[in-house]
Amino acid sequence: MRRVALLALSLLLAAAAPADAAARLAPPLAGLDQLVGCWRGAFAATTAVHDERCFSPMFEGAFLRDEHAVVGGPAVYRGEAIYRFDPRRQRVEATYYASDGGVEIGRVNLAPGEISFPAAPFIGADGKVLLVRARWRFEGPDRFVSTSEIRKDGRWKPHLHIVYERATSAPALAR
């Protein structure tokens, strides 16, 4: 009986090891490790609408997937971004796909306590271009503040302000 228990324990530990290793990102994406897991974001302008978002490593940490859903409004808005390292440009980039047909490809800057997204064009399904920039500032391991701006009439104007807290359980992402 003891041999069976030890075998079961060793199989359990062996099964857990790859999952734990898969939860880490490979350099140079390792600076995004703090995002792995799920978050719930509260918009500054309303309490009814919130953003559910989950980050998960892909292909042994070579990429990071970011899936989110804005719920509580008249319709659910979803998006997905894939973060990757571009070896030719020696930088982290993200491609964002929106449920309304829009796409954005941009650079990602990693710094202690923050992640910034320099100005990049968001191209809507109708072909219209909106220049967007954002910054995520961490306030500890379980909280970050996302602010974004859009370029309008030659000036940067506030767009969104969302405070994210680490979720205690994975959201359904309103699928």
# chains A, B, ... in the order shown; residues from 1 in each chain; ligands from 1
>>> residues_around(residues="stretch 102-106 of chain A", least_positions_apart="3", cutoff="6 Å", atoms="only C-alpha atoms", output="list in words")
Glu93, Ala94, Thr95, Tyr96, Tyr97, Ala98, Ala120, Phe122, Ile123, Gly124 and Ala125 of chain A
>>> select_by_dssp(residues="chain A", states="strand (DSSP E or B)", output="ChimeraX atom specification")
/A:37-43,50-58,63-71,77-86,91-98,103-111,114-123,129-138,143-152,155-166
>>> closest_atom_pairs(of="stretch 47-147 of chain A", to="stretch 29-34 of chain A", cutoff="10 Å", atoms="only C-alpha atoms", output="CSV")
residue,atom,partner,partner_atom,distance
A:Phe55,CA,A:Asp33,CA,9.2
A:Ser56,CA,A:Asp33,CA,9.3
A:Pro57,CA,A:Asp33,CA,8.8
A:Gly61,CA,A:Leu29,CA,7.9
A:Ala62,CA,A:Leu29,CA,7.5
A:Phe63,CA,A:Leu29,CA,7.5
A:Leu64,CA,A:Leu29,CA,7.9
A:Tyr83,CA,A:Leu29,CA,8.1
A:Arg84,CA,A:Leu29,CA,7.2
A:Phe85,CA,A:Leu29,CA,6.9
A:Arg91,CA,A:Leu29,CA,9.6
A:Val92,CA,A:Leu29,CA,7.2
A:Glu93,CA,A:Leu29,CA,9.9
A:Asn109,CA,A:Gly31,CA,9.6
A:Leu110,CA,A:Gly31,CA,6.4
A:Ala111,CA,A:Gly31,CA,8.1
A:Pro112,CA,A:Gly31,CA,8.6
A:Gly113,CA,A:Gln34,CA,9.9
A:Glu114,CA,A:Gly31,CA,9.7
A:Ile115,CA,A:Leu32,CA,8.3
A:Phe138,CA,A:Gln34,CA,9.3
A:Gly140,CA,A:Gln34,CA,9.8
A:Pro141,CA,A:Gln34,CA,6.9
A:Asp142,CA,A:Gln34,CA,8.7
>>> write_last_selection(atoms="N, CA and C atoms", output="mmCIF file, in the first residue's frame")
data_model
loop_
_atom_site.group_PDB
_atom_site.id
_atom_site.type_symbol
_atom_site.label_atom_id
_atom_site.label_comp_id
_atom_site.auth_asym_id
_atom_site.auth_seq_id
_atom_site.Cartn_x
_atom_site.Cartn_y
_atom_site.Cartn_z
ATOM 1 N N PHE A 55 -4.416 36.262 -18.684
ATOM 2 C CA PHE A 55 -3.149 36.158 -19.395
ATOM 3 C C PHE A 55 -2.625 34.740 -19.212
ATOM 4 N N SER A 56 -2.205 34.099 -20.300
ATOM 5 C CA SER A 56 -1.671 32.743 -20.191
ATOM 6 C C SER A 56 -0.513 32.548 -21.175
ATOM 7 N N PRO A 57 0.558 31.889 -20.695
ATOM 8 C CA PRO A 57 1.684 31.601 -21.580
ATOM 9 C C PRO A 57 1.280 30.623 -22.675
ATOM 10 N N GLY A 61 5.997 29.315 -22.998
ATOM 11 C CA GLY A 61 6.356 30.674 -22.611
ATOM 12 C C GLY A 61 6.960 31.528 -23.711
ATOM 13 N N ALA A 62 6.937 31.046 -24.951
ATOM 14 C CA ALA A 62 7.476 31.836 -26.060
ATOM 15 C C ALA A 62 6.555 32.996 -26.431
ATOM 16 N N PHE A 63 5.278 32.894 -26.072
ATOM 17 C CA PHE A 63 4.280 33.929 -26.347
ATOM 18 C C PHE A 63 3.410 34.089 -25.104
ATOM 19 N N LEU A 64 2.690 35.205 -25.043
ATOM 20 C CA LEU A 64 1.724 35.426 -23.975
ATOM 21 C C LEU A 64 0.396 35.786 -24.614
ATOM 22 N N TYR A 83 1.360 38.563 -27.269
ATOM 23 C CA TYR A 83 2.626 39.248 -27.058
ATOM 24 C C TYR A 83 3.747 38.336 -27.536
ATOM 25 N N ARG A 84 4.748 38.937 -28.178
ATOM 26 C CA ARG A 84 5.876 38.148 -28.688
ATOM 27 C C ARG A 84 7.122 39.017 -28.718
ATOM 28 N N PHE A 85 8.264 38.365 -28.840
ATOM 29 C CA PHE A 85 9.520 39.077 -29.010
ATOM 30 C C PHE A 85 9.881 39.050 -30.484
ATOM 31 N N ARG A 91 12.682 43.758 -29.798
ATOM 32 C CA ARG A 91 11.693 44.371 -28.924
ATOM 33 C C ARG A 91 10.473 43.467 -28.772
ATOM 34 N N VAL A 92 9.718 43.725 -27.706
ATOM 35 C CA VAL A 92 8.469 43.015 -27.465
ATOM 36 C C VAL A 92 7.371 43.756 -28.222
ATOM 37 N N GLU A 93 6.518 42.986 -28.885
ATOM 38 C CA GLU A 93 5.399 43.558 -29.621
ATOM 39 C C GLU A 93 4.129 42.799 -29.262
ATOM 40 N N ASN A 109 6.801 48.284 -24.067
ATOM 41 C CA ASN A 109 7.998 48.643 -23.297
ATOM 42 C C ASN A 109 7.842 48.150 -21.868
ATOM 43 N N LEU A 110 8.848 47.436 -21.390
ATOM 44 C CA LEU A 110 8.837 46.887 -20.040
ATOM 45 C C LEU A 110 9.790 47.693 -19.170
ATOM 46 N N ALA A 111 9.309 48.154 -18.029
ATOM 47 C CA ALA A 111 10.130 48.889 -17.069
ATOM 48 C C ALA A 111 9.702 48.441 -15.675
ATOM 49 N N PRO A 112 10.555 48.647 -14.672
ATOM 50 C CA PRO A 112 10.164 48.249 -13.315
ATOM 51 C C PRO A 112 8.850 48.924 -12.904
ATOM 52 N N GLY A 113 7.861 48.113 -12.540
ATOM 53 C CA GLY A 113 6.591 48.619 -12.062
ATOM 54 C C GLY A 113 5.614 49.083 -13.115
ATOM 55 N N GLU A 114 5.986 48.983 -14.390
ATOM 56 C CA GLU A 114 5.032 49.401 -15.416
ATOM 57 C C GLU A 114 5.315 48.773 -16.767
ATOM 58 N N ILE A 115 4.253 48.752 -17.552
ATOM 59 C CA ILE A 115 4.307 48.312 -18.943
ATOM 60 C C ILE A 115 3.672 49.428 -19.751
ATOM 61 N N PHE A 138 1.842 49.185 -12.015
ATOM 62 C CA PHE A 138 1.559 48.194 -10.969
ATOM 63 C C PHE A 138 1.607 48.836 -9.592
ATOM 64 N N GLY A 140 1.612 46.879 -6.657
ATOM 65 C CA GLY A 140 1.758 45.627 -5.934
ATOM 66 C C GLY A 140 1.506 44.456 -6.870
ATOM 67 N N PRO A 141 1.608 43.230 -6.362
ATOM 68 C CA PRO A 141 1.484 42.042 -7.214
ATOM 69 C C PRO A 141 0.062 41.740 -7.677
ATOM 70 N N ASP A 142 -0.934 42.330 -7.018
ATOM 71 C CA ASP A 142 -2.317 41.989 -7.320
ATOM 72 C C ASP A 142 -3.166 43.169 -7.784
#
>>> residues_around(residues="A:Ala134", least_positions_apart="4", cutoff="8 Å", atoms="only C-alpha atoms", output="list in words")
Ser116, Phe117, Pro118, Ala119, Ser146, Thr147, Ser148 and Glu149 of chain A
>>> closest_residue(among="A:Ala69, A:Ala26, A:Cys54, A:Ala48", to="A:Arg166", atoms="only C-alpha atoms")
A:Cys54
>>> select_by_dssp(residues="stretch 1-168 of chain A", states="alpha helix (DSSP H)", output="JSON, numbers by chain")
{"A": [2, 3, 4, 5, 6, 7, 8, 9, 10, 11, 12, 13, 14, 15, 16, 17, 18, 19, 20, 21, 22]}
>>> atom_distance(atom1="atom CA of A:Asp100", atom2="atom CA of A:Arg137")
27.0 Å
>>> atom_distance(atom1="atom CA of A:Arg89", atom2="atom CA of A:Val129")
23.8 Å
>>> atom_distance(atom1="atom CA of A:Tyr77", atom2="atom CA of A:Met58")
23.1 Å
>>> residues_around(residues="A:Ala44", least_positions_apart="5", cutoff="10 Å", atoms="only C-alpha atoms", output="list in words")
Val49, His50, Leu160, His161, Ile162 and Val163 of chain A
>>> closest_residue(among="A:Val108, A:Val76, A:Ala45, A:Val36", to="A:Ala167", atoms="only C-alpha atoms")
A:Val36
>>> decode(residues="stretch 50-148 of chain A", atoms="C-alpha atoms", output="PDB file, in the first residue's frame")
ATOM      1  CA  HIS A  50     -16.088  45.895 -15.926  1.00  0.00           C
ATOM      2  CA  ASP A  51     -13.299  44.166 -17.834  1.00  0.00           C
ATOM      3  CA  GLU A  52     -12.488  40.490 -17.275  1.00  0.00           C
ATOM      4  CA  ARG A  53      -9.066  39.511 -18.531  1.00  0.00           C
ATOM      5  CA  CYS A  54      -6.799  36.466 -18.388  1.00  0.00           C
ATOM      6  CA  PHE A  55      -3.149  36.158 -19.395  1.00  0.00           C
ATOM      7  CA  SER A  56      -1.671  32.743 -20.191  1.00  0.00           C
ATOM      8  CA  PRO A  57       1.684  31.601 -21.580  1.00  0.00           C
ATOM      9  CA  MET A  58       1.682  29.859 -24.956  1.00  0.00           C
ATOM     10  CA  PHE A  59       4.168  27.332 -26.350  1.00  0.00           C
ATOM     11  CA  GLU A  60       6.368  26.934 -23.263  1.00  0.00           C
ATOM     12  CA  GLY A  61       6.356  30.674 -22.611  1.00  0.00           C
ATOM     13  CA  ALA A  62       7.476  31.836 -26.060  1.00  0.00           C
ATOM     14  CA  PHE A  63       4.280  33.929 -26.347  1.00  0.00           C
ATOM     15  CA  LEU A  64       1.724  35.426 -23.975  1.00  0.00           C
ATOM     16  CA  ARG A  65      -2.017  35.357 -24.711  1.00  0.00           C
ATOM     17  CA  ASP A  66      -4.243  38.091 -23.259  1.00  0.00           C
ATOM     18  CA  GLU A  67      -7.994  37.458 -23.569  1.00  0.00           C
ATOM     19  CA  HIS A  68     -10.514  39.949 -22.260  1.00  0.00           C
ATOM     20  CA  ALA A  69     -14.215  40.768 -22.256  1.00  0.00           C
ATOM     21  CA  VAL A  70     -15.883  44.034 -21.301  1.00  0.00           C
ATOM     22  CA  VAL A  71     -19.190  43.084 -19.704  1.00  0.00           C
ATOM     23  CA  GLY A  72     -22.117  44.924 -18.176  1.00  0.00           C
ATOM     24  CA  GLY A  73     -22.800  47.236 -21.099  1.00  0.00           C
ATOM     25  CA  PRO A  74     -25.370  46.897 -23.871  1.00  0.00           C
ATOM     26  CA  ALA A  75     -23.181  44.333 -25.668  1.00  0.00           C
ATOM     27  CA  VAL A  76     -20.110  42.301 -24.719  1.00  0.00           C
ATOM     28  CA  TYR A  77     -16.890  43.579 -26.290  1.00  0.00           C
ATOM     29  CA  ARG A  78     -14.061  41.046 -26.536  1.00  0.00           C
ATOM     30  CA  GLY A  79     -10.460  41.158 -27.580  1.00  0.00           C
ATOM     31  CA  GLU A  80      -7.358  39.054 -27.667  1.00  0.00           C
ATOM     32  CA  ALA A  81      -3.716  40.049 -27.829  1.00  0.00           C
ATOM     33  CA  ILE A  82      -0.661  37.934 -28.462  1.00  0.00           C
ATOM     34  CA  TYR A  83       2.626  39.248 -27.058  1.00  0.00           C
ATOM     35  CA  ARG A  84       5.876  38.148 -28.688  1.00  0.00           C
ATOM     36  CA  PHE A  85       9.520  39.077 -29.010  1.00  0.00           C
ATOM     37  CA  ASP A  86      10.596  40.316 -32.451  1.00  0.00           C
ATOM     38  CA  PRO A  87      14.230  39.200 -32.823  1.00  0.00           C
ATOM     39  CA  ARG A  88      14.857  41.448 -35.849  1.00  0.00           C
ATOM     40  CA  ARG A  89      13.772  44.604 -34.042  1.00  0.00           C
ATOM     41  CA  GLN A  90      14.928  43.344 -30.617  1.00  0.00           C
ATOM     42  CA  ARG A  91      11.693  44.371 -28.924  1.00  0.00           C
ATOM     43  CA  VAL A  92       8.469  43.015 -27.465  1.00  0.00           C
ATOM     44  CA  GLU A  93       5.399  43.558 -29.621  1.00  0.00           C
ATOM     45  CA  ALA A  94       1.698  42.790 -29.293  1.00  0.00           C
ATOM     46  CA  THR A  95      -0.992  42.208 -31.874  1.00  0.00           C
ATOM     47  CA  TYR A  96      -4.509  42.938 -30.640  1.00  0.00           C
ATOM     48  CA  TYR A  97      -7.652  41.566 -32.309  1.00  0.00           C
ATOM     49  CA  ALA A  98     -11.008  43.139 -31.370  1.00  0.00           C
ATOM     50  CA  SER A  99     -14.395  41.453 -31.584  1.00  0.00           C
ATOM     51  CA  ASP A 100     -15.645  44.381 -33.670  1.00  0.00           C
ATOM     52  CA  GLY A 101     -13.057  43.608 -36.377  1.00  0.00           C
ATOM     53  CA  GLY A 102     -10.362  46.083 -35.360  1.00  0.00           C
ATOM     54  CA  VAL A 103      -6.648  45.270 -35.192  1.00  0.00           C
ATOM     55  CA  GLU A 104      -3.656  46.963 -33.588  1.00  0.00           C
ATOM     56  CA  ILE A 105       0.024  46.029 -33.829  1.00  0.00           C
ATOM     57  CA  GLY A 106       2.311  47.844 -31.451  1.00  0.00           C
ATOM     58  CA  ARG A 107       5.422  47.913 -29.345  1.00  0.00           C
ATOM     59  CA  VAL A 108       5.501  46.986 -25.645  1.00  0.00           C
ATOM     60  CA  ASN A 109       7.998  48.643 -23.297  1.00  0.00           C
ATOM     61  CA  LEU A 110       8.837  46.887 -20.040  1.00  0.00           C
ATOM     62  CA  ALA A 111      10.130  48.889 -17.069  1.00  0.00           C
ATOM     63  CA  PRO A 112      10.164  48.249 -13.315  1.00  0.00           C
ATOM     64  CA  GLY A 113       6.591  48.619 -12.062  1.00  0.00           C
ATOM     65  CA  GLU A 114       5.032  49.401 -15.416  1.00  0.00           C
ATOM     66  CA  ILE A 115       4.307  48.312 -18.943  1.00  0.00           C
ATOM     67  CA  SER A 116       3.770  50.943 -21.599  1.00  0.00           C
ATOM     68  CA  PHE A 117       2.353  50.774 -25.086  1.00  0.00           C
ATOM     69  CA  PRO A 118       3.673  53.658 -27.224  1.00  0.00           C
ATOM     70  CA  ALA A 119       1.390  55.252 -29.803  1.00  0.00           C
ATOM     71  CA  ALA A 120       0.161  52.717 -32.350  1.00  0.00           C
ATOM     72  CA  PRO A 121      -2.621  52.770 -34.926  1.00  0.00           C
ATOM     73  CA  PHE A 122      -5.809  50.841 -34.146  1.00  0.00           C
ATOM     74  CA  ILE A 123      -7.404  50.065 -37.497  1.00  0.00           C
ATOM     75  CA  GLY A 124     -11.151  49.574 -37.218  1.00  0.00           C
ATOM     76  CA  ALA A 125     -13.169  47.149 -39.355  1.00  0.00           C
ATOM     77  CA  ASP A 126     -14.310  50.194 -41.343  1.00  0.00           C
ATOM     78  CA  GLY A 127     -10.682  51.144 -42.117  1.00  0.00           C
ATOM     79  CA  LYS A 128     -10.668  54.189 -39.856  1.00  0.00           C
ATOM     80  CA  VAL A 129      -7.442  54.691 -37.908  1.00  0.00           C
ATOM     81  CA  LEU A 130      -7.307  55.740 -34.279  1.00  0.00           C
ATOM     82  CA  LEU A 131      -3.921  56.466 -32.699  1.00  0.00           C
ATOM     83  CA  VAL A 132      -3.804  54.984 -29.167  1.00  0.00           C
ATOM     84  CA  ARG A 133      -1.215  54.821 -26.386  1.00  0.00           C
ATOM     85  CA  ALA A 134      -1.444  53.248 -22.928  1.00  0.00           C
ATOM     86  CA  ARG A 135       0.384  52.627 -19.665  1.00  0.00           C
ATOM     87  CA  TRP A 136      -0.142  49.919 -17.047  1.00  0.00           C
ATOM     88  CA  ARG A 137       1.263  50.900 -13.648  1.00  0.00           C
ATOM     89  CA  PHE A 138       1.559  48.194 -10.969  1.00  0.00           C
ATOM     90  CA  GLU A 139       0.544  48.916  -7.384  1.00  0.00           C
ATOM     91  CA  GLY A 140       1.758  45.627  -5.934  1.00  0.00           C
ATOM     92  CA  PRO A 141       1.484  42.042  -7.214  1.00  0.00           C
ATOM     93  CA  ASP A 142      -2.317  41.989  -7.320  1.00  0.00           C
ATOM     94  CA  ARG A 143      -3.257  45.404  -8.692  1.00  0.00           C
ATOM     95  CA  PHE A 144      -2.474  47.557 -11.715  1.00  0.00           C
ATOM     96  CA  VAL A 145      -3.916  50.729 -13.188  1.00  0.00           C
ATOM     97  CA  SER A 146      -4.414  51.021 -16.937  1.00  0.00           C
ATOM     98  CA  THR A 147      -4.686  54.440 -18.554  1.00  0.00           C
ATOM     99  CA  SER A 148      -5.015  55.060 -22.267  1.00  0.00           C
TER     100      SER A 148
END
